[in-house]
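Student: Coordinates in input_35.pdb, PDB, C-alpha atoms, are listed below.
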```pdb
ATOM      1  CA  MET E 179     123.568  39.780 -29.042
ATOM      2  CA  ARG E 180     121.988  43.143 -28.234
ATOM      3  CA  ILE E 181     118.559  44.021 -29.600
ATOM      4  CA  GLU E 182     116.633  47.230 -28.860
ATOM      5  CA  LEU E 183     113.187  48.260 -30.117
ATOM      6  CA  THR E 184     111.332  51.515 -29.528
ATOM      7  CA  THR E 185     108.070  52.686 -31.069
ATOM      8  CA  VAL E 186     106.371  56.008 -30.325
ATOM      9  CA  PRO E 187     103.013  57.146 -31.764
ATOM     10  CA  GLY E 188     102.847  60.405 -33.644
ATOM     11  CA  SER E 189      99.889  61.545 -31.567
ATOM     12  CA  PRO E 190      98.367  60.274 -28.311
ATOM     13  CA  GLU E 191      94.943  60.738 -29.924
ATOM     14  CA  ARG E 192      95.655  58.203 -32.693
ATOM     15  CA  PRO E 193      96.706  54.554 -32.499
ATOM     16  CA  ASN E 194     100.255  53.744 -33.526
ATOM     17  CA  GLU E 195     100.159  52.230 -37.021
ATOM     18  CA  ASP E 196     103.774  51.003 -36.943
ATOM     19  CA  TRP E 197     104.513  47.407 -35.934
ATOM     20  CA  ALA E 198     107.818  45.690 -35.208
ATOM     21  CA  ALA E 199     109.130  42.461 -33.729
ATOM     22  CA  THR E 200     112.257  40.344 -33.508
ATOM     23  CA  ALA E 201     112.574  36.620 -32.865
ATOM     24  CA  LEU E 202     115.514  34.420 -31.933
ATOM     25  CA  PRO E 203     115.583  30.625 -32.193
ATOM     26  CA  ALA E 204     116.236  28.542 -29.099
ATOM     27  CA  SER E 205     119.440  27.297 -30.725
ATOM     28  CA  GLY E 206     120.840  30.824 -30.767
ATOM     29  CA  GLN E 207     122.083  30.410 -34.342
ATOM     30  CA  GLY E 208     120.180  33.228 -35.978
ATOM     31  CA  GLY E 209     117.158  35.473 -35.857
ATOM     32  CA  THR E 210     114.578  37.498 -37.730
ATOM     33  CA  LEU E 211     113.443  41.123 -37.706
ATOM     34  CA  VAL E 212     110.197  42.562 -39.068
ATOM     35  CA  LEU E 213     109.199  46.232 -39.224
ATOM     36  CA  LEU E 214     106.010  47.639 -40.768
ATOM     37  CA  ASP E 215     104.802  51.198 -41.240
ATOM     38  CA  GLY E 216     101.043  51.237 -41.748
ATOM     39  CA  VAL E 217      99.793  53.662 -44.392
ATOM     40  CA  THR E 218      97.289  56.131 -42.946
ATOM     41  CA  PRO E 219      94.253  56.307 -45.264
ATOM     42  CA  PRO E 220      92.506  59.603 -46.041
ATOM     43  CA  GLN E 221      89.255  60.319 -44.266
ATOM     44  CA  GLY E 222      86.372  58.447 -45.823
ATOM     45  CA  ASP E 223      85.758  55.014 -47.254
ATOM     46  CA  ASP E 224      88.716  52.682 -47.667
ATOM     47  CA  GLY E 225      86.633  49.609 -48.366
ATOM     48  CA  CYS E 226      87.600  47.911 -45.102
ATOM     49  CA  VAL E 227      85.896  47.566 -41.724
ATOM     50  CA  HIS E 228      89.258  47.032 -40.024
ATOM     51  CA  SER E 229      91.847  49.538 -38.856
ATOM     52  CA  VAL E 230      95.417  49.884 -40.081
ATOM     53  CA  PRO E 231      96.761  48.556 -36.721
ATOM     54  CA  TRP E 232      94.561  45.474 -37.184
ATOM     55  CA  PHE E 233      96.196  44.913 -40.562
ATOM     56  CA  THR E 234      99.799  45.518 -39.493
ATOM     57  CA  ALA E 235      99.438  43.242 -36.449
ATOM     58  CA  ARG E 236      98.174  40.358 -38.569
ATOM     59  CA  LEU E 237     100.617  40.855 -41.405
ATOM     60  CA  GLY E 238     103.508  41.314 -38.988
ATOM     61  CA  GLY E 239     102.566  38.251 -36.976
ATOM     62  CA  ALA E 240     102.467  36.111 -40.107
ATOM     63  CA  LEU E 241     105.818  37.468 -41.267
ATOM     64  CA  VAL E 242     107.523  36.653 -37.970
ATOM     65  CA  GLU E 243     106.013  33.165 -37.795
ATOM     66  CA  LEU E 244     106.871  32.213 -41.381
ATOM     67  CA  SER E 245     110.323  33.803 -41.502
ATOM     68  CA  GLY E 246     111.234  31.888 -38.360
ATOM     69  CA  SER E 247     109.571  28.544 -39.050
ATOM     70  CA  ARG E 248     110.052  28.295 -42.836
ATOM     71  CA  ARG E 249     113.699  29.083 -43.359
ATOM     72  CA  ASP E 250     113.491  27.146 -46.611
ATOM     73  CA  LEU E 251     111.333  29.930 -48.072
ATOM     74  CA  PRO E 252     113.008  33.079 -49.433
ATOM     75  CA  LEU E 253     111.726  36.296 -47.889
ATOM     76  CA  THR E 254     109.741  37.183 -51.017
ATOM     77  CA  GLU E 255     107.715  33.985 -50.595
ATOM     78  CA  VAL E 256     107.354  34.645 -46.872
ATOM     79  CA  LEU E 257     105.919  38.073 -47.684
ATOM     80  CA  ALA E 258     103.628  36.752 -50.420
ATOM     81  CA  GLU E 259     102.184  34.032 -48.180
ATOM     82  CA  SER E 260     101.783  36.468 -45.267
ATOM     83  CA  ILE E 261      99.874  38.908 -47.487
ATOM     84  CA  ARG E 262      97.683  36.033 -48.672
ATOM     85  CA  ARG E 263      96.932  34.904 -45.121
ATOM     86  CA  THR E 264      96.090  38.439 -44.013
ATOM     87  CA  ALA E 265      93.855  39.025 -47.023
ATOM     88  CA  ASP E 266      92.024  35.764 -46.322
ATOM     89  CA  ALA E 267      91.259  37.019 -42.798
ATOM     90  CA  HIS E 268      89.004  39.775 -44.195
ATOM     91  CA  ARG E 269      88.378  38.839 -47.803
ATOM     92  CA  PHE E 270      84.639  38.239 -47.250
ATOM     93  CA  SER E 271      83.967  41.311 -45.132
ATOM     94  CA  CYS E 272      85.947  43.979 -46.990
ATOM     95  CA  ASP E 273      86.633  45.297 -50.493
ATOM     96  CA  LEU E 274      90.271  44.291 -50.932
ATOM     97  CA  SER E 275      90.341  45.774 -54.434
ATOM     98  CA  HIS E 276      89.995  49.283 -52.979
ATOM     99  CA  VAL E 277      93.131  51.364 -53.660
ATOM    100  CA  ARG E 278      93.277  52.265 -49.965
ATOM    101  CA  THR E 279      92.616  48.847 -48.487
ATOM    102  CA  PRO E 280      94.907  48.650 -45.396
ATOM    103  CA  GLN E 281      98.569  48.481 -46.398
ATOM    104  CA  ALA E 282     102.066  48.946 -45.057
ATOM    105  CA  THR E 283     105.730  49.372 -45.905
ATOM    106  CA  VAL E 284     107.867  46.340 -45.039
ATOM    107  CA  VAL E 285     111.412  45.759 -43.808
ATOM    108  CA  MET E 286     112.627  42.241 -43.055
ATOM    109  CA  ALA E 287     115.992  40.784 -42.130
ATOM    110  CA  ARG E 288     116.762  37.156 -41.359
ATOM    111  CA  TRP E 289     120.152  35.816 -40.365
ATOM    112  CA  ASP E 290     121.941  32.606 -39.470
ATOM    113  CA  GLU E 291     125.606  31.738 -39.004
ATOM    114  CA  ARG E 292     126.233  32.034 -42.777
ATOM    115  CA  GLU E 293     124.327  35.028 -44.166
ATOM    116  CA  ILE E 294     121.828  37.825 -43.691
ATOM    117  CA  GLU E 295     118.820  38.022 -46.020
ATOM    118  CA  HIS E 296     116.985  41.308 -46.434
ATOM    119  CA  LEU E 297     113.759  42.609 -47.984
ATOM    120  CA  VAL E 298     112.631  46.234 -48.235
ATOM    121  CA  LEU E 299     109.348  47.419 -49.741
ATOM    122  CA  SER E 300     108.562  51.155 -49.894
ATOM    123  CA  ASP E 301     110.095  53.916 -47.786
ATOM    124  CA  SER E 302     111.250  52.365 -44.532
ATOM    125  CA  VAL E 303     115.000  51.702 -44.344
ATOM    126  CA  LEU E 304     117.358  48.922 -43.320
ATOM    127  CA  LEU E 305     120.946  49.782 -42.343
ATOM    128  CA  LEU E 306     123.807  47.280 -42.298
ATOM    129  CA  GLU E 307     127.048  48.133 -40.493
ATOM    130  CA  SER E 308     130.094  46.193 -41.631
ATOM    131  CA  THR E 309     132.767  44.837 -39.332
ATOM    132  CA  GLY E 310     134.906  47.681 -40.680
ATOM    133  CA  SER E 311     132.261  50.221 -39.510
ATOM    134  CA  SER E 312     131.067  51.297 -42.958
ATOM    135  CA  VAL E 313     127.272  51.589 -43.247
ATOM    136  CA  ARG E 314     125.120  50.508 -46.186
ATOM    137  CA  ALA E 315     121.539  51.760 -46.512
ATOM    138  CA  LEU E 316     119.181  49.281 -48.170
ATOM    139  CA  LEU E 317     116.381  51.336 -49.693
ATOM    140  CA  ASP E 318     113.422  51.050 -52.035
ATOM    141  CA  ASP E 319     113.778  54.445 -53.730
ATOM    142  CA  ARG E 320     110.806  54.299 -56.099
ATOM    143  CA  LEU E 321     109.030  57.112 -54.268
ATOM    144  CA  ASP E 322     112.020  59.362 -54.991
ATOM    145  CA  ARG E 323     111.881  58.524 -58.703
ATOM    146  CA  LEU E 324     108.211  59.302 -59.345
ATOM    147  CA  PRO E 325     107.285  61.746 -62.118
ATOM    148  CA  PRO E 326     106.841  65.341 -60.897
ATOM    149  CA  GLY E 327     103.399  65.986 -59.459
ATOM    150  CA  SER E 328     102.642  62.314 -58.792
ATOM    151  CA  LEU E 329     102.129  62.991 -55.084
ATOM    152  CA  ALA E 330     100.509  66.415 -55.412
ATOM    153  CA  THR E 331      97.311  65.108 -53.811
ATOM    154  CA  GLU E 332      96.217  61.795 -52.366
ATOM    155  CA  ALA E 333      93.712  61.387 -55.196
ATOM    156  CA  ILE E 334      96.406  61.831 -57.847
ATOM    157  CA  ALA E 335      98.762  59.421 -56.069
ATOM    158  CA  ASP E 336      96.024  56.803 -55.717
ATOM    159  CA  ALA E 337      95.000  57.087 -59.359
ATOM    160  CA  ARG E 338      98.457  57.174 -60.942
ATOM    161  CA  VAL E 339     101.197  55.603 -58.841
ATOM    162  CA  ARG E 340     100.025  53.702 -55.753
ATOM    163  CA  ASN E 341     100.693  50.008 -56.346
ATOM    164  CA  LYS E 342     100.952  50.632 -60.082
ATOM    165  CA  GLU E 343     103.593  49.956 -62.706
ATOM    166  CA  GLY E 344     105.956  52.925 -62.855
ATOM    167  CA  GLY E 345     104.869  54.002 -59.370
ATOM    168  CA  PHE E 346     105.549  52.590 -55.926
ATOM    169  CA  PHE E 347     104.380  49.508 -54.053
ATOM    170  CA  THR E 348     103.243  48.591 -50.553
ATOM    171  CA  ALA E 349     102.043  45.363 -48.968
ATOM    172  CA  ALA E 350      98.239  45.396 -49.191
ATOM    173  CA  ALA E 351      96.102  42.498 -50.438
ATOM    174  CA  ASP E 352      97.958  41.350 -53.579
ATOM    175  CA  PRO E 353     100.642  38.705 -52.856
ATOM    176  CA  SER E 354     102.359  39.383 -56.189
ATOM    177  CA  VAL E 355     103.667  42.692 -54.826
ATOM    178  CA  ALA E 356     106.308  40.692 -52.932
ATOM    179  CA  ALA E 357     108.212  40.300 -56.191
ATOM    180  CA  ARG E 358     108.607  44.105 -56.294
ATOM    181  CA  ALA E 359     110.601  44.241 -53.061
ATOM    182  CA  VAL E 360     114.295  45.081 -52.883
ATOM    183  CA  THR E 361     116.065  41.923 -51.717
ATOM    184  CA  GLY E 362     119.540  40.540 -51.248
ATOM    185  CA  ARG E 363     121.951  38.499 -49.146
ATOM    186  CA  THR E 364     125.107  39.498 -47.287
ATOM    187  CA  PRO E 365     127.675  37.175 -45.679
ATOM    188  CA  ARG E 366     127.068  37.122 -41.936
ATOM    189  CA  ALA E 367     130.759  37.536 -41.177
ATOM    190  CA  GLU E 368     130.744  40.960 -42.891
ATOM    191  CA  VAL E 369     128.035  42.503 -40.678
ATOM    192  CA  ARG E 370     128.443  43.783 -37.119
ATOM    193  CA  ALA E 371     125.035  45.418 -36.602
ATOM    194  CA  LEU E 372     121.795  46.259 -38.372
ATOM    195  CA  ALA E 373     118.949  48.713 -37.858
ATOM    196  CA  ALA E 374     115.443  49.120 -39.259
ATOM    197  CA  LEU E 375     113.654  52.492 -39.218
ATOM    198  CA  THR E 376     110.211  53.657 -40.261
ATOM    199  CA  ASP E 377     110.209  57.053 -41.963
ATOM    200  CA  GLY E 378     109.131  58.699 -38.713
ATOM    201  CA  ALA E 379     112.469  57.674 -37.182
ATOM    202  CA  SER E 380     114.629  58.078 -40.284
ATOM    203  CA  ARG E 381     113.667  61.784 -40.391
ATOM    204  CA  TRP E 382     116.886  62.490 -38.448
ATOM    205  CA  THR E 383     118.805  61.756 -41.650
ATOM    206  CA  GLU E 384     116.297  61.997 -44.475
ATOM    207  CA  MET E 385     114.371  65.127 -43.462
ATOM    208  CA  PHE E 386     116.467  67.096 -40.986
ATOM    209  CA  ARG E 387     119.882  66.170 -42.448
ATOM    210  CA  GLU E 388     121.501  65.970 -39.021
ATOM    211  CA  GLY E 389     123.923  63.318 -40.238
ATOM    212  CA  ASP E 390     124.360  60.572 -42.790
ATOM    213  CA  TRP E 391     123.355  56.955 -42.258
ATOM    214  CA  ALA E 392     126.651  56.157 -40.543
ATOM    215  CA  ALA E 393     126.050  58.989 -38.078
ATOM    216  CA  CYS E 394     122.485  57.769 -37.541
ATOM    217  CA  LEU E 395     123.743  54.301 -36.667
ATOM    218  CA  GLU E 396     126.283  55.845 -34.286
ATOM    219  CA  VAL E 397     123.422  57.560 -32.441
ATOM    220  CA  LEU E 398     121.710  54.194 -32.128
ATOM    221  CA  HIS E 399     124.907  52.632 -30.827
ATOM    222  CA  LYS E 400     125.536  55.324 -28.209
ATOM    223  CA  GLU E 401     122.008  56.425 -27.251
ATOM    224  CA  GLY E 402     119.819  53.521 -28.282
ATOM    225  CA  THR E 403     116.557  53.506 -30.215
ATOM    226  CA  GLN E 404     114.784  55.793 -27.732
ATOM    227  CA  GLY E 405     117.637  58.274 -28.009
ATOM    228  CA  LEU E 406     117.272  58.532 -31.782
ATOM    229  CA  ILE E 407     113.515  59.056 -31.591
ATOM    230  CA  ASP E 408     113.946  61.637 -28.818
ATOM    231  CA  ARG E 409     116.301  63.539 -31.118
ATOM    232  CA  VAL E 410     113.735  63.416 -33.939
ATOM    233  CA  ARG E 411     110.973  64.716 -31.668
ATOM    234  CA  ALA E 412     113.162  67.605 -30.496
ATOM    235  CA  LEU E 413     113.905  68.580 -34.104
ATOM    236  CA  GLU E 414     110.215  68.428 -35.013
ATOM    237  CA  ASP E 415     109.248  70.636 -32.066
ATOM    238  CA  ALA E 416     111.973  73.153 -32.946
ATOM    239  CA  ASP E 417     110.875  73.472 -36.588
ATOM    240  CA  THR E 418     108.193  76.061 -35.838
ATOM    241  CA  GLU E 419     108.683  77.701 -39.251
ATOM    242  CA  ARG E 420     108.179  74.291 -40.889
ATOM    243  CA  THR E 421     111.383  74.685 -42.852
ATOM    244  CA  HIS E 422     111.857  70.938 -42.965
ATOM    245  CA  LEU E 423     108.381  69.661 -42.182
ATOM    246  CA  ARG E 424     106.601  71.660 -44.901
ATOM    247  CA  ARG E 425     103.497  69.629 -45.787
ATOM    248  CA  SER E 426     104.410  66.720 -43.495
ATOM    249  CA  LYS E 427     102.655  66.075 -40.192
ATOM    250  CA  THR E 428     104.599  67.473 -37.243
ATOM    251  CA  HIS E 429     104.980  64.081 -35.566
ATOM    252  CA  ASP E 430     104.730  60.737 -37.325
ATOM    253  CA  ASP E 431     104.667  57.292 -35.759
ATOM    254  CA  ALA E 432     108.346  56.482 -35.237
ATOM    255  CA  THR E 433     109.850  53.024 -34.778
ATOM    256  CA  ALA E 434     113.481  51.919 -34.607
ATOM    257  CA  VAL E 435     114.983  48.453 -34.174
ATOM    258  CA  TYR E 436     118.723  48.054 -33.528
ATOM    259  CA  ALA E 437     120.545  44.739 -33.340
ATOM    260  CA  VAL E 438     124.238  44.136 -32.640
ATOM    261  CA  LEU E 439     124.973  40.681 -33.928
TER     262      LEU E 439
END
```
As structure tokens - that is how I would like this structure written.
Tutor:
Amino acid sequence: MRIELTTVPGSPERPNEDWAATALPASGQGGTLVLLDGVTPPQGDDGCVHSVPWFTARLGGALVELSGSRRDLPLTEVLAESIRRTADAHRFSCDLSHVRTPQATVVMARWDEREIEHLVLSDSVLLLESTGSSVRALLDDRLDRLPPGSLATEAIADARVRNKEGGFFTAAADPSVAARAVTGRTPRAEVRALAALTDGASRWTEMFREGDWAACLEVLHKEGTQGLIDRVRALEDADTERTHLRRSKTHDDATAVYAVL
């Protein structure tokens, strides 16, 4: 089994808000992958005394521990319990009802000799490559289906669509959001490799249109996770006219995990 993980902050002046980890059992019969993209809050009060990296580290740690030790629990229950545990860690010091309480996108994959389970919440992506080399992108596309103008400003997004019915969902302080995740199972024998990308790394395909998801996975196979992120950074630096970047930050935190099973 080959597993690679690279994470690069968007700016050296800001802490990296992404978080990722993989775990393999001593028996060698399976594994688990967790990737989080922390949501950067706007300047001002978010109701919490803790940082986004504090939140993603605690949520991610709980996800890895539970997905590995409680294989009897489906990933939705693993996510719900992990959100509950993380909320309990700062429930009495912070306003967890605040719309911008620390939150994150979530990608999870868990496999054994029989099948691969997956869970995707919000705009990070999980790629599965079949033994026949076709690539399937597992996406939560609710952000792409929002009514026009829903993301015009942060205030509008917070009021109308963030963690709201008809909008989009992230892992914050409400365990019930786990039921909103995109989930499924794939026979293990049908999958050769998988990859998880935060949107800072998936820009190669989603923003710059350098290739489809199959081409993106080929870059990971040939150049590794660092190679993909290096390509993204080069494209960002070259877009001086902001043809692709537009209102986006020039560099975002970028994390990629690649596993050949």
Student: Please write as an NGL selection string the full residue list that the PyMOL selection byres ((chain E and resi 332) around 12) yields on this file.
Tutor: :E and (217-221 or 277-278 or 327-331 or 333-340)
Student: So, counting only C-alpha atoms, which residue among E:Thr309, E:Met385, E:Arg269, E:Thr283 is closest to Val227 (chain E)?
Tutor: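 Of E:Thr309, E:Met385, E:Arg269, E:Thr283, the one nearest Val227 (chain E) is E:Arg269, counting only C-alpha atoms.
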Student: Applied to the shown file, which residues does the PyMOL selection byres ((chain E and resi 292) around 7) return, written as a list in words?
Tutor: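 Output of the PyMOL selection byres ((chain E and resi 292) around 7): Asp290, Glu291, Glu293, Pro365 and Arg366 of chain E.
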Student: Give as JSON, numbers by chain the residues that the PyMOL selection byres ((chain E and resi 244) around 12) matches when applied to the coordinates above.
Tutor: {"E": [201, 210, 211, 212, 237, 238, 239, 240, 241, 242, 243, 245, 246, 247, 248, 249, 250, 251, 252, 253, 254, 255, 256, 257, 258, 259, 260, 261, 263, 286, 288]}
Student: I'd like the neighbourhood of Ala373 (chain E) as a list in words, where a residue qualifies if any of its atoms comes within 6 Å (using only C-alpha atoms), though same-chain residues fewer than 4 positions away should be ignored.
Tutor: Leu304, Leu305, Val435 and Tyr436 of chain E
Student: Given the choices E:Ser229, E:Ser426, E:Thr403, E:Ser311, which gets closest to His268 (chain E) if the distance is worked out from all atoms listed in the file?
Tutor: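 Of E:Ser229, E:Ser426, E:Thr403, E:Ser311, the one nearest His268 (chain E) is E:Ser229, counting all atoms listed in the file.
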Student: Just checking: using only C-alpha atoms, which residue out of E:Lys427, E:Lys342, E:His228, E:Arg314 ends up closest to Asp390 (chain E)?
Tutor: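 Nearest candidate to Asp390 (chain E) out of E:Lys427, E:Lys342, E:His228, E:Arg314: E:Arg314.
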Student: Give me the residues near Thr421 (chain E) as a ChimeraX atom specification, where near means some atom within 12 Å (using all atoms listed in the file) and where sequence neighbours in that chain fewer than 6 positions away do not count.
Tutor: /E:385-386,413-415,428
Student: Considering only C-alpha atoms, return as a list of chain:residue names whatever protein or nucleic-acid residues lie within 10 Å of Asp431 (chain E), sequence-local ones (same chain, fewer than 5 positions apart) excluded.
Tutor: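 Selected residues are E:Thr185, E:Val186, E:Pro187, E:Gly188, E:Ser189, E:Arg192, E:Pro193, E:Asn194, E:Glu195, E:Asp196, E:Trp197, E:Asp215, E:Gly216, E:Thr376, E:Asp377, E:Gly378, E:Ala379, E:Ile407.
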Student: Suppose we keep C-alpha atoms; can you now write the selection as a short mmCIF file (atom, residue, chain, number, x, y, z; two decimals), in the frame of the given file?
Tutor:
```cif
data_model
loop_
_atom_site.label_atom_id
_atom_site.label_comp_id
_atom_site.auth_asym_id
_atom_site.auth_seq_id
_atom_site.Cartn_x
_atom_site.Cartn_y
_atom_site.Cartn_z
CA THR E 185 108.07 52.69 -31.07
CA VAL E 186 106.37 56.01 -30.32
CA PRO E 187 103.01 57.15 -31.76
CA GLY E 188 102.85 60.40 -33.64
CA SER E 189 99.89 61.54 -31.57
CA ARG E 192 95.66 58.20 -32.69
CA PRO E 193 96.71 54.55 -32.50
CA ASN E 194 100.26 53.74 -33.53
CA GLU E 195 100.16 52.23 -37.02
CA ASP E 196 103.77 51.00 -36.94
CA TRP E 197 104.51 47.41 -35.93
CA ASP E 215 104.80 51.20 -41.24
CA GLY E 216 101.04 51.24 -41.75
CA THR E 376 110.21 53.66 -40.26
CA ASP E 377 110.21 57.05 -41.96
CA GLY E 378 109.13 58.70 -38.71
CA ALA E 379 112.47 57.67 -37.18
CA ILE E 407 113.52 59.06 -31.59
#
```
Student: Between CA of Ala349 (chain E) and CA of Ala432 (chain E), what distance in Å does the model show, to one decimal?
Tutor: 18.8 Å
Student: Please provide the set of residues having any atom within 7 Å of Leu213 (chain E), restricted to all atoms listed in the file, with same-chain residues fewer than 3 positions apart removed, written as a ChimeraX atom specification.
Tutor: /E:197-199,284-286,374
